[in-house]
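Written out below as structure tokens is the structure these notes cover.
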2 protein chains.
Amino acid sequence: MKSQNQENFVNQLSIDCVIFGYSQNRLKVLVPKMVFKGDFWSLPSGFVKQEEGIDQAAQRILEERTGIGDIFLEQYRVFGDVPRTNREALEKLIAMNPDIFEQLQDGNFLEWLTQRFIAIGYYALVDINKVTPKLTEIDQSIDWYEITDLPQMVMDHEQHIHKALEALRLNLDSKLLGFNLLPEEFTMKDLQLLYEAVYDRPFRRNNFQKKMLDLDVLERMGKKLTGAANKAPYLYRFLTKK
Amino acid sequence: MKSQNQENFVNQLSIDCVIFGYSQNRLKVLVPKMVFKGDFWSLPSGFVKQEEGIDQAAQRILEERTGIGDIFLEQYRVFGDVPRTNREALEKLIAMNPDIFEQLQDGNFLEWLTQRFIAIGYYALVDINKVTPKLTEIDQSIDWYEITDLPQMVMDHEQHIHKALEALRLNLDSKLLGFNLLPEEFTMKDLQLLYEAVYDRPFRRNNFQKKMLDLDVLERMGKKLTGAANKAPYLYRFLTKK
């Protein structure tokens with residue numbers, strides 16, 4: 001007898017989302033704590049329904065798990081080593097939460113869940129002030145954590161965060177417009193602070209400005225009105241694609 | 001009864017390899033033609049065994065299908081839309097090759113093969129002169145094709161090639177050393193010709209040289225010995241990582 005999950009979802013495939021948040025010149029990552037006893041922090045994750053595309057599945061999972069909808073999610077890597085399994089973490093979770101799993105009507109669910117899983121990693125970068133995560137029944141709490149001060153993550157989820165950060169750094173130039181992170185008009189300093197937060201290092205002002213202008217994605221607008229007119233910085237906005 | 005494929009391989013997951021080749025300042029792509037009747041050109045593709053990692057699987061598939069072993073393969077994208085299926089191409093292939101499929105002992109094989117598949121795309125860039133593809137029993141022939149002059153590819157495999165090319169262009173700066181494509185010592189002109197082949201456009205010499213030197217991956221060696229000493233170009237090599 002096939003379990004319900006085998007019917008509804010693609011077998012042995014999961015989706016894990018790393019949501020980076022930017023606020024006050026700091027980069028953080030969104031990590032829910034699961035409702036189960038035993039302190040399980042896990043990236044927003046789930047499975048792919050047979051009748052949905054993987055990008056759709058990632059959007060659905062993120063919205064179901066965190067209340068955040070319609071954000072620009074990007075695939076960055078597939079985690080597919082053999083030793084990568086849910087088994088150890090799941091067995092601990094099950095042992096500590098027997099009441100929850102006794103309620104599951106489908107006897108094959110645990111067998112299904114403890115198989116080898118191949119995880120497609122997605123990441124996004126959002127303005128922390130623009131999103132308000134809403135908990136669902138599987139989450140006890142959800143918080144933004146500094147990359148250098150993460151809670152104890154299940155399985156290889158901490159590695160996912162570090163690999164996603166590498167991908168974010170590698171792609172930031174080309175994804176800036178998609179992430180829609182800055183106000184419509186911004187100064188070169190605003191942009192530099194964002195880069196410094198993502199790369200966790202200072203950039204030299206002149207080099208940074210030249211690099212950004214060379215990308216050919218910025219349009220220079222008027223000067224930002226401040227008290228000291230002669231020191232007013234220029235405002236920029238992103239060129240929309242032709 | 002589970003089919004043999006369900007036991008041995010991860011269900012609904014395939015691996016597709018786009019192998020770019022560089023030779024004489026041209027970029028090409030390696031496309032095998034399958035032995036089946038009906039003119040099926042398909043990227044080197046296969047499935048993931050339960051006991052192997054996905055990167056391992058990609059290496060094995062490439063070597064089994066083309067005789068090319070031990071090359072630097074990189075994941076670049078997962079193709080996972082719902083309409084993406086083997087069914088149409090496979091049904092045509094089966095209809096034209098009834099003898100081959102009658103021999104298959106496992107009655108569930110076709111059912112298994114015509115499910116929805118999610119494909120993990122890998123790409124590589126090799127020196128055409130350094131590899132000699134060897135055909136296996138599933139290939140009738142194998143050739144290097146110009147990107148702009150591909151044969152009729154099955155399913156979405158032509159799209160895979162275009163997406164892989166985008167990934168190659170985006171990542172060339174950081175993958176140059178890994179692809180190990182140039183001789184140990186090379187001129188700036190050699191490097192420029194490689195970039196021009198990959199991007200299919202000319203680069204301006206001074207800008208290109210500055211961009212490359214700014215990457216901090218090149219070490220300048222002596223001058224290349226030519227007849228006209230005062231015009232001899234410098235030789236460079238890649239800095240190995242500390």
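Just so we're on the same page: first chain in the structure tokens is A, next is B, and so on; residues restart at 1 for each chain, and ligands are numbered from 1 in the order they show up.
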Exercise: A:Leu194 partners within 10 Å, only C-alpha atoms, chain neighbours under 6 positions left out, as an NGL selection string: :A and (22-27 or 181-182 or 188 or 200)
Residue subset to file, keeping all heavy atoms, as a short mmCIF file (atom, residue, chain, number, x, y, z; two decimals), in the first residue's frame:
data_model
loop_
_atom_site.label_atom_id
_atom_site.label_comp_id
_atom_site.auth_asym_id
_atom_site.auth_seq_id
_atom_site.Cartn_x
_atom_site.Cartn_y
_atom_site.Cartn_z
N TYR A 22 17.43 41.97 5.51
CA TYR A 22 18.33 43.12 5.64
C TYR A 22 17.61 44.22 6.39
O TYR A 22 16.46 44.55 6.07
CB TYR A 22 18.73 43.60 4.24
CG TYR A 22 19.62 44.82 4.22
CD1 TYR A 22 20.92 44.76 4.71
CD2 TYR A 22 19.16 46.02 3.70
CE1 TYR A 22 21.75 45.87 4.68
CE2 TYR A 22 19.99 47.15 3.66
CZ TYR A 22 21.28 47.06 4.15
OH TYR A 22 22.10 48.16 4.13
N SER A 23 18.26 44.73 7.40
CA SER A 23 17.68 45.84 8.15
C SER A 23 18.78 46.53 8.94
O SER A 23 19.65 45.87 9.52
CB SER A 23 16.61 45.31 9.12
OG SER A 23 16.14 46.38 9.91
N GLN A 24 18.74 47.84 8.95
CA GLN A 24 19.72 48.63 9.71
C GLN A 24 21.15 48.15 9.46
O GLN A 24 21.92 47.94 10.39
CB GLN A 24 19.38 48.55 11.21
CG GLN A 24 18.04 49.20 11.52
CD GLN A 24 17.66 49.05 12.98
OE1 GLN A 24 17.64 47.93 13.51
NE2 GLN A 24 17.36 50.16 13.63
N ASN A 25 21.44 47.96 8.19
CA ASN A 25 22.79 47.61 7.75
C ASN A 25 23.29 46.27 8.29
O ASN A 25 24.49 46.04 8.42
CB ASN A 25 23.81 48.70 8.11
CG ASN A 25 23.30 50.07 7.74
OD1 ASN A 25 22.57 50.21 6.75
ND2 ASN A 25 23.65 51.07 8.51
N ARG A 26 22.36 45.39 8.62
CA ARG A 26 22.74 44.06 9.10
C ARG A 26 22.04 43.01 8.25
O ARG A 26 20.91 43.20 7.80
CB ARG A 26 22.32 43.84 10.56
CG ARG A 26 22.95 44.77 11.56
CD ARG A 26 24.43 44.56 11.75
NE ARG A 26 24.76 43.19 12.15
CZ ARG A 26 25.97 42.66 12.09
NH1 ARG A 26 26.97 43.37 11.60
NH2 ARG A 26 26.19 41.42 12.48
N LEU A 27 22.73 41.89 8.04
CA LEU A 27 22.15 40.75 7.33
C LEU A 27 21.80 39.66 8.33
O LEU A 27 22.62 39.29 9.17
CB LEU A 27 23.17 40.21 6.32
CG LEU A 27 22.64 39.14 5.38
CD1 LEU A 27 21.68 39.74 4.36
CD2 LEU A 27 23.78 38.43 4.67
N LEU A 181 15.19 45.55 -2.81
CA LEU A 181 15.48 45.72 -1.40
C LEU A 181 15.62 47.17 -0.98
O LEU A 181 15.42 47.52 0.17
CB LEU A 181 16.80 45.00 -1.12
CG LEU A 181 16.99 44.50 0.27
CD1 LEU A 181 16.01 43.38 0.54
CD2 LEU A 181 18.41 44.00 0.43
N LEU A 182 16.00 48.02 -1.93
CA LEU A 182 16.24 49.42 -1.60
C LEU A 182 15.01 50.24 -1.97
O LEU A 182 14.18 49.81 -2.76
CB LEU A 182 17.47 49.91 -2.39
CG LEU A 182 18.79 49.27 -1.96
CD1 LEU A 182 19.88 49.53 -2.99
CD2 LEU A 182 19.23 49.79 -0.59
N MET A 188 24.47 56.23 -3.19
CA MET A 188 25.53 55.24 -3.36
C MET A 188 25.92 54.66 -1.99
O MET A 188 26.27 53.49 -1.88
CB MET A 188 26.73 55.91 -4.04
CG MET A 188 27.78 54.98 -4.57
SD MET A 188 27.21 53.74 -5.77
CE MET A 188 27.01 54.73 -7.27
N ASP A 200 29.97 41.24 4.59
CA ASP A 200 30.56 41.34 5.93
C ASP A 200 32.00 41.87 5.87
O ASP A 200 32.90 41.33 6.51
CB ASP A 200 30.51 39.97 6.64
CG ASP A 200 30.81 40.10 8.13
OD1 ASP A 200 30.56 41.19 8.69
OD2 ASP A 200 31.30 39.13 8.73
#
Could you pull the residues within 8 Å of A:Val48, counting only C-alpha atoms, minus those fewer than 4 positions along the same chain, as an mmCIF file with C-alpha atoms, in the first residue's frame?
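Dumped to out_22.cif:
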data_model
loop_
_atom_site.group_PDB
_atom_site.id
_atom_site.type_symbol
_atom_site.label_atom_id
_atom_site.label_comp_id
_atom_site.auth_asym_id
_atom_site.auth_seq_id
_atom_site.Cartn_x
_atom_site.Cartn_y
_atom_site.Cartn_z
ATOM 1 C CA PHE A 9 4.271 14.331 -3.254
ATOM 2 C CA VAL A 10 7.376 13.626 -5.283
ATOM 3 C CA LEU A 13 12.639 15.313 -2.744
ATOM 4 C CA SER A 14 12.419 18.290 -0.394
ATOM 5 C CA ILE A 15 12.661 22.053 -0.708
ATOM 6 C CA GLU A 52 2.978 21.745 -8.908
ATOM 7 C CA GLY A 53 6.289 23.018 -10.269
ATOM 8 C CA ILE A 54 9.257 23.225 -7.919
ATOM 9 C CA ALA A 57 6.249 24.517 -4.305
#
Expected answer as a VMD selection string: chain B residues within 12 Å of chain A, only C-alpha atoms: chain B and resid 1 to 2 6 9 to 15 48 to 58 74 to 85 115 to 122 167 170 to 175 207 211 214
10 Å contact set for A:Leu150, only C-alpha atoms, chain neighbours under 3 positions out, as a PyMOL selection string: chain A and resi 28-31+41+144-147+153+158+161
So that I have them on file, write out the residues from the current selection with N, CA, C and O atoms, as a PDB file, in the first residue's frame.
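Saved result, selection34.pdb, follows:
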ATOM      1  N   LYS A  28      20.586  39.169   8.261  1.00  0.00           N
ATOM      2  CA  LYS A  28      20.144  38.113   9.174  1.00  0.00           C
ATOM      3  C   LYS A  28      19.467  37.001   8.383  1.00  0.00           C
ATOM      4  O   LYS A  28      19.312  37.101   7.170  1.00  0.00           O
ATOM      5  N   VAL A  29      19.105  35.946   9.073  1.00  0.00           N
ATOM      6  CA  VAL A  29      18.445  34.838   8.396  1.00  0.00           C
ATOM      7  C   VAL A  29      17.246  34.387   9.235  1.00  0.00           C
ATOM      8  O   VAL A  29      17.283  34.431  10.466  1.00  0.00           O
ATOM      9  N   LEU A  30      16.169  34.026   8.546  1.00  0.00           N
ATOM     10  CA  LEU A  30      14.899  33.714   9.208  1.00  0.00           C
ATOM     11  C   LEU A  30      14.840  32.228   9.555  1.00  0.00           C
ATOM     12  O   LEU A  30      14.876  31.371   8.665  1.00  0.00           O
ATOM     13  N   VAL A  31      14.743  31.941  10.836  1.00  0.00           N
ATOM     14  CA  VAL A  31      14.752  30.540  11.268  1.00  0.00           C
ATOM     15  C   VAL A  31      13.581  30.248  12.203  1.00  0.00           C
ATOM     16  O   VAL A  31      13.508  30.793  13.303  1.00  0.00           O
ATOM     17  N   TRP A  41      15.319  23.606  15.464  1.00  0.00           N
ATOM     18  CA  TRP A  41      15.303  24.743  14.551  1.00  0.00           C
ATOM     19  C   TRP A  41      15.575  24.201  13.143  1.00  0.00           C
ATOM     20  O   TRP A  41      16.564  23.487  12.926  1.00  0.00           O
ATOM     21  N   TRP A 144      14.647  36.283  13.403  1.00  0.00           N
ATOM     22  CA  TRP A 144      15.779  36.633  12.551  1.00  0.00           C
ATOM     23  C   TRP A 144      17.050  36.457  13.361  1.00  0.00           C
ATOM     24  O   TRP A 144      17.202  37.049  14.427  1.00  0.00           O
ATOM     25  N   TYR A 145      17.981  35.672  12.846  1.00  0.00           N
ATOM     26  CA  TYR A 145      19.233  35.402  13.558  1.00  0.00           C
ATOM     27  C   TYR A 145      20.415  35.969  12.777  1.00  0.00           C
ATOM     28  O   TYR A 145      20.437  35.920  11.547  1.00  0.00           O
ATOM     29  N   GLU A 146      21.406  36.457  13.520  1.00  0.00           N
ATOM     30  CA  GLU A 146      22.680  36.810  12.886  1.00  0.00           C
ATOM     31  C   GLU A 146      23.305  35.524  12.329  1.00  0.00           C
ATOM     32  O   GLU A 146      23.221  34.456  12.955  1.00  0.00           O
ATOM     33  N   ILE A 147      23.961  35.659  11.178  1.00  0.00           N
ATOM     34  CA  ILE A 147      24.596  34.495  10.554  1.00  0.00           C
ATOM     35  C   ILE A 147      25.622  33.864  11.493  1.00  0.00           C
ATOM     36  O   ILE A 147      25.848  32.653  11.497  1.00  0.00           O
ATOM     37  N   MET A 153      20.824  23.991  14.355  1.00  0.00           N
ATOM     38  CA  MET A 153      19.947  23.627  13.238  1.00  0.00           C
ATOM     39  C   MET A 153      19.923  22.111  13.036  1.00  0.00           C
ATOM     40  O   MET A 153      20.930  21.448  13.229  1.00  0.00           O
ATOM     41  N   GLU A 158      22.477  24.213   8.704  1.00  0.00           N
ATOM     42  CA  GLU A 158      23.442  25.310   8.877  1.00  0.00           C
ATOM     43  C   GLU A 158      24.338  25.419   7.639  1.00  0.00           C
ATOM     44  O   GLU A 158      24.641  26.514   7.171  1.00  0.00           O
ATOM     45  N   ILE A 161      22.662  27.366   4.936  1.00  0.00           N
ATOM     46  CA  ILE A 161      22.740  28.820   5.111  1.00  0.00           C
ATOM     47  C   ILE A 161      24.074  29.347   4.590  1.00  0.00           C
ATOM     48  O   ILE A 161      24.111  30.350   3.867  1.00  0.00           O
TER      49      ILE A 161
END
Who sits within 10 Å of B:Gly69, only C-alpha atoms, same chain under 2 positions skipped, as an MDAnalysis selection string: chainID B and resid 59:64 66:67 71:72 131 133
Selected residues written out, C-alpha atoms, as a short mmCIF file (atom, residue, chain, number, x, y, z; two decimals), in the first residue's frame:
data_model
loop_
_atom_site.label_atom_id
_atom_site.label_comp_id
_atom_site.auth_asym_id
_atom_site.auth_seq_id
_atom_site.Cartn_x
_atom_site.Cartn_y
_atom_site.Cartn_z
CA GLN B 59 30.17 11.87 -13.16
CA ARG B 60 29.12 8.24 -13.66
CA ILE B 61 26.41 9.12 -16.19
CA LEU B 62 28.76 11.31 -18.18
CA GLU B 63 31.45 8.65 -18.24
CA GLU B 64 29.00 5.85 -19.10
CA THR B 66 30.43 9.54 -23.40
CA GLY B 67 33.61 7.93 -22.08
CA ILE B 71 35.93 16.44 -15.30
CA PHE B 72 34.85 19.46 -13.29
CA VAL B 131 38.82 14.56 -24.51
CA PRO B 133 34.23 10.72 -26.24
#
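Note that the spacing between atom CA of A:Asn129 and atom CA of A:Leu235 amounts to 21.7 Å.
Residues within 9 Å of A:Phe40, counting only C-alpha atoms and excluding same-chain residues fewer than 3 positions away, are A:Pro32, A:Lys33, A:Met34, A:Val35, A:Phe36, A:Lys37, A:Ala89, A:Leu93, A:Gln152, A:Met153, A:Val154.
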Two-atom distance - atom CA of B:Asn180, atom CA of B:Ala124 (Å): 10.7 Å
Filtered DSSP result for stretch 47-218 of chain B, state strand (DSSP E or B), as a ChimeraX atom specification: /B:47-49,74-79,85,116,118-127,139-146,153,186-187,218
Got time to write the residues from that selection, N, CA, C and O atoms, as a compact mmCIF listing (two decimals), in the first residue's frame?
# COMPACT_ATOMS: atom_id res chain seq x y z
N PHE B 47 19.98 8.46 -14.23
CA PHE B 47 19.28 8.51 -12.95
C PHE B 47 20.27 8.35 -11.79
O PHE B 47 21.42 7.98 -11.99
N VAL B 48 19.78 8.64 -10.60
CA VAL B 48 20.63 8.63 -9.41
C VAL B 48 20.40 7.34 -8.63
O VAL B 48 19.27 7.06 -8.21
N LYS B 49 21.46 6.56 -8.45
CA LYS B 49 21.32 5.34 -7.64
C LYS B 49 21.10 5.71 -6.18
O LYS B 49 21.60 6.73 -5.70
N GLU B 74 29.61 21.11 -12.74
CA GLU B 74 28.96 22.01 -11.79
C GLU B 74 27.45 21.95 -11.97
O GLU B 74 26.94 22.05 -13.08
N GLN B 75 26.74 21.82 -10.87
CA GLN B 75 25.28 21.99 -10.90
C GLN B 75 24.97 23.42 -11.32
O GLN B 75 25.65 24.34 -10.89
N TYR B 76 23.95 23.62 -12.12
CA TYR B 76 23.58 25.01 -12.42
C TYR B 76 22.10 25.30 -12.26
O TYR B 76 21.71 26.45 -12.07
N ARG B 77 21.24 24.28 -12.29
CA ARG B 77 19.81 24.57 -12.24
C ARG B 77 19.03 23.28 -12.16
O ARG B 77 19.45 22.25 -12.68
N VAL B 78 17.87 23.35 -11.52
CA VAL B 78 16.95 22.22 -11.52
C VAL B 78 15.77 22.57 -12.42
O VAL B 78 15.21 23.67 -12.32
N PHE B 79 15.42 21.66 -13.30
CA PHE B 79 14.26 21.85 -14.18
C PHE B 79 13.11 21.05 -13.58
O PHE B 79 13.14 19.82 -13.57
N THR B 85 7.98 16.45 -18.85
CA THR B 85 7.83 15.01 -18.72
C THR B 85 8.50 14.32 -19.89
O THR B 85 8.69 14.89 -20.95
N ARG B 116 6.40 12.00 -14.30
CA ARG B 116 7.02 13.32 -14.23
C ARG B 116 8.46 13.16 -13.71
O ARG B 116 8.68 12.47 -12.72
N ILE B 118 12.00 15.32 -12.49
CA ILE B 118 12.67 16.57 -12.14
C ILE B 118 14.14 16.38 -12.48
O ILE B 118 14.75 15.38 -12.08
N ALA B 119 14.69 17.30 -13.27
CA ALA B 119 16.05 17.09 -13.80
C ALA B 119 17.02 18.07 -13.14
O ALA B 119 16.80 19.27 -13.15
N ILE B 120 18.10 17.53 -12.59
CA ILE B 120 19.18 18.37 -12.08
C ILE B 120 20.17 18.58 -13.22
O ILE B 120 20.70 17.62 -13.77
N GLY B 121 20.40 19.85 -13.58
CA GLY B 121 21.30 20.17 -14.68
C GLY B 121 22.72 20.39 -14.19
O GLY B 121 22.94 21.11 -13.22
N TYR B 122 23.66 19.76 -14.87
CA TYR B 122 25.09 19.98 -14.62
C TYR B 122 25.72 20.50 -15.90
O TYR B 122 25.27 20.16 -17.00
N TYR B 123 26.76 21.32 -15.76
CA TYR B 123 27.49 21.72 -16.96
C TYR B 123 28.99 21.64 -16.70
O TYR B 123 29.44 21.61 -15.55
N ALA B 124 29.73 21.59 -17.79
CA ALA B 124 31.19 21.61 -17.70
C ALA B 124 31.73 22.30 -18.94
O ALA B 124 31.00 22.51 -19.92
N LEU B 125 32.98 22.69 -18.87
CA LEU B 125 33.66 23.30 -20.00
C LEU B 125 34.99 22.57 -20.14
O LEU B 125 35.78 22.55 -19.21
N VAL B 126 35.20 21.94 -21.30
CA VAL B 126 36.42 21.14 -21.49
C VAL B 126 37.15 21.58 -22.76
O VAL B 126 36.57 22.23 -23.64
N ASP B 127 38.40 21.24 -22.81
CA ASP B 127 39.19 21.47 -24.02
C ASP B 127 38.89 20.30 -24.97
O ASP B 127 39.18 19.15 -24.67
N ASP B 139 24.32 5.01 -27.44
CA ASP B 139 24.60 6.09 -28.39
C ASP B 139 24.93 5.54 -29.77
O ASP B 139 25.71 4.61 -29.91
N GLN B 140 24.36 6.20 -30.78
CA GLN B 140 24.71 5.83 -32.14
C GLN B 140 25.93 6.62 -32.61
O GLN B 140 26.80 6.12 -33.31
N SER B 141 25.96 7.92 -32.22
CA SER B 141 27.08 8.77 -32.59
C SER B 141 27.12 9.91 -31.58
O SER B 141 26.19 10.09 -30.79
N ILE B 142 28.21 10.63 -31.59
CA ILE B 142 28.30 11.78 -30.67
C ILE B 142 29.13 12.85 -31.36
O ILE B 142 30.15 12.54 -31.97
N ASP B 143 28.66 14.09 -31.30
CA ASP B 143 29.37 15.17 -31.99
C ASP B 143 29.34 16.47 -31.21
O ASP B 143 28.48 16.68 -30.37
N TRP B 144 30.29 17.32 -31.54
CA TRP B 144 30.32 18.69 -31.01
C TRP B 144 29.53 19.58 -31.95
O TRP B 144 29.84 19.64 -33.14
N TYR B 145 28.54 20.28 -31.43
CA TYR B 145 27.70 21.15 -32.25
C TYR B 145 27.88 22.60 -31.85
O TYR B 145 28.04 22.92 -30.67
N GLU B 146 27.80 23.47 -32.84
CA GLU B 146 27.75 24.90 -32.55
C GLU B 146 26.44 25.19 -31.81
O GLU B 146 25.40 24.60 -32.13
N MET B 153 16.60 18.52 -30.42
CA MET B 153 16.80 17.89 -29.11
C MET B 153 15.46 17.41 -28.54
O MET B 153 14.43 18.04 -28.72
N PHE B 186 49.85 31.27 -20.39
CA PHE B 186 49.05 31.73 -21.53
C PHE B 186 49.15 33.25 -21.61
O PHE B 186 49.50 33.91 -20.64
N THR B 187 48.83 33.77 -22.76
CA THR B 187 48.86 35.22 -22.92
C THR B 187 47.48 35.80 -22.62
O THR B 187 46.48 35.07 -22.58
N LEU B 218 45.54 36.05 -11.44
CA LEU B 218 46.62 35.84 -12.42
C LEU B 218 47.97 36.27 -11.87
O LEU B 218 48.07 37.25 -11.15
Residue set, stretch 62-224 of chain B restricted to alpha helix (DSSP H), as an NGL selection string: :B and (62-66 or 87-96 or 98-102 or 109-113 or 157-179 or 188-199 or 205-214)
So that I can see what lies close to B:Gln209, please list as a PDB file with all heavy atoms, in the first residue's frame the residues with an atom at most 10 Å from it, counting only C-alpha atoms and leaving out residues fewer than 5 positions away in the same chain.
ATOM      1  N   MET B 188      47.450  37.115 -22.417  1.00  0.00           N
ATOM      2  CA  MET B 188      46.176  37.789 -22.196  1.00  0.00           C
ATOM      3  C   MET B 188      45.264  37.607 -23.413  1.00  0.00           C
ATOM      4  O   MET B 188      44.046  37.516 -23.284  1.00  0.00           O
ATOM      5  CB  MET B 188      46.429  39.269 -21.914  1.00  0.00           C
ATOM      6  CG  MET B 188      45.265  40.022 -21.362  1.00  0.00           C
ATOM      7  SD  MET B 188      44.587  39.388 -19.779  1.00  0.00           S
ATOM      8  CE  MET B 188      45.808  39.949 -18.592  1.00  0.00           C
ATOM      9  N   LYS B 189      45.884  37.521 -24.576  1.00  0.00           N
ATOM     10  CA  LYS B 189      45.111  37.311 -25.814  1.00  0.00           C
ATOM     11  C   LYS B 189      44.427  35.930 -25.806  1.00  0.00           C
ATOM     12  O   LYS B 189      43.264  35.809 -26.222  1.00  0.00           O
ATOM     13  CB  LYS B 189      46.054  37.418 -27.023  1.00  0.00           C
ATOM     14  CG  LYS B 189      45.398  37.240 -28.385  1.00  0.00           C
ATOM     15  CD  LYS B 189      44.591  38.468 -28.768  1.00  0.00           C
ATOM     16  CE  LYS B 189      43.912  38.290 -30.125  1.00  0.00           C
ATOM     17  NZ  LYS B 189      42.957  39.375 -30.381  1.00  0.00           N
ATOM     18  N   LEU B 191      43.427  34.324 -23.229  1.00  0.00           N
ATOM     19  CA  LEU B 191      42.312  34.421 -22.277  1.00  0.00           C
ATOM     20  C   LEU B 191      41.146  35.190 -22.908  1.00  0.00           C
ATOM     21  O   LEU B 191      39.981  34.810 -22.777  1.00  0.00           O
ATOM     22  CB  LEU B 191      42.811  35.128 -21.013  1.00  0.00           C
ATOM     23  CG  LEU B 191      41.954  35.045 -19.763  1.00  0.00           C
ATOM     24  CD1 LEU B 191      41.683  33.605 -19.368  1.00  0.00           C
ATOM     25  CD2 LEU B 191      42.656  35.772 -18.602  1.00  0.00           C
ATOM     26  N   GLN B 192      41.498  36.257 -23.616  1.00  0.00           N
ATOM     27  CA  GLN B 192      40.449  37.067 -24.252  1.00  0.00           C
ATOM     28  C   GLN B 192      39.697  36.260 -25.305  1.00  0.00           C
ATOM     29  O   GLN B 192      38.470  36.355 -25.411  1.00  0.00           O
ATOM     30  CB  GLN B 192      41.060  38.331 -24.863  1.00  0.00           C
ATOM     31  CG  GLN B 192      39.999  39.282 -25.418  1.00  0.00           C
ATOM     32  CD  GLN B 192      40.572  40.627 -25.847  1.00  0.00           C
ATOM     33  OE1 GLN B 192      41.642  41.023 -25.391  1.00  0.00           O
ATOM     34  NE2 GLN B 192      39.847  41.329 -26.702  1.00  0.00           N
ATOM     35  N   PHE B 203      35.594  41.694 -26.879  1.00  0.00           N
ATOM     36  CA  PHE B 203      35.899  42.522 -25.706  1.00  0.00           C
ATOM     37  C   PHE B 203      36.941  43.549 -26.117  1.00  0.00           C
ATOM     38  O   PHE B 203      37.781  43.265 -26.983  1.00  0.00           O
ATOM     39  CB  PHE B 203      36.468  41.659 -24.577  1.00  0.00           C
ATOM     40  CG  PHE B 203      35.440  40.823 -23.870  1.00  0.00           C
ATOM     41  CD1 PHE B 203      34.945  39.654 -24.436  1.00  0.00           C
ATOM     42  CD2 PHE B 203      34.958  41.206 -22.623  1.00  0.00           C
ATOM     43  CE1 PHE B 203      33.992  38.894 -23.782  1.00  0.00           C
ATOM     44  CE2 PHE B 203      34.006  40.446 -21.964  1.00  0.00           C
ATOM     45  CZ  PHE B 203      33.519  39.290 -22.542  1.00  0.00           C
ATOM     46  N   ARG B 204      36.903  44.728 -25.500  1.00  0.00           N
ATOM     47  CA  ARG B 204      37.948  45.712 -25.798  1.00  0.00           C
ATOM     48  C   ARG B 204      39.200  45.359 -25.010  1.00  0.00           C
ATOM     49  O   ARG B 204      39.139  45.105 -23.813  1.00  0.00           O
ATOM     50  CB  ARG B 204      37.459  47.122 -25.470  1.00  0.00           C
ATOM     51  CG  ARG B 204      36.543  47.663 -26.595  1.00  0.00           C
ATOM     52  CD  ARG B 204      35.657  48.759 -26.111  1.00  0.00           C
ATOM     53  NE  ARG B 204      36.452  49.875 -25.607  1.00  0.00           N
ATOM     54  CZ  ARG B 204      35.909  50.929 -24.994  1.00  0.00           C
ATOM     55  NH1 ARG B 204      34.590  50.980 -24.824  1.00  0.00           N
ATOM     56  NH2 ARG B 204      36.675  51.904 -24.558  1.00  0.00           N
ATOM     57  N   ASP B 214      42.122  42.675 -12.275  1.00  0.00           N
ATOM     58  CA  ASP B 214      41.385  43.011 -11.052  1.00  0.00           C
ATOM     59  C   ASP B 214      40.825  41.780 -10.333  1.00  0.00           C
ATOM     60  O   ASP B 214      40.469  41.849  -9.162  1.00  0.00           O
ATOM     61  CB  ASP B 214      40.220  43.974 -11.362  1.00  0.00           C
ATOM     62  CG  ASP B 214      40.715  45.393 -11.621  1.00  0.00           C
ATOM     63  OD1 ASP B 214      41.918  45.659 -11.379  1.00  0.00           O
ATOM     64  OD2 ASP B 214      39.908  46.233 -12.066  1.00  0.00           O
TER      65      ASP B 214
END
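Across B:Leu135, B:Ala164, B:Glu111, B:Gly38, the tightest approach to B:Ile19 is made by B:Ala164 when counting only C-alpha atoms.
Between atom CA of A:Glu219 and atom CA of A:Ala232 there is a distance of 16.9 Å.
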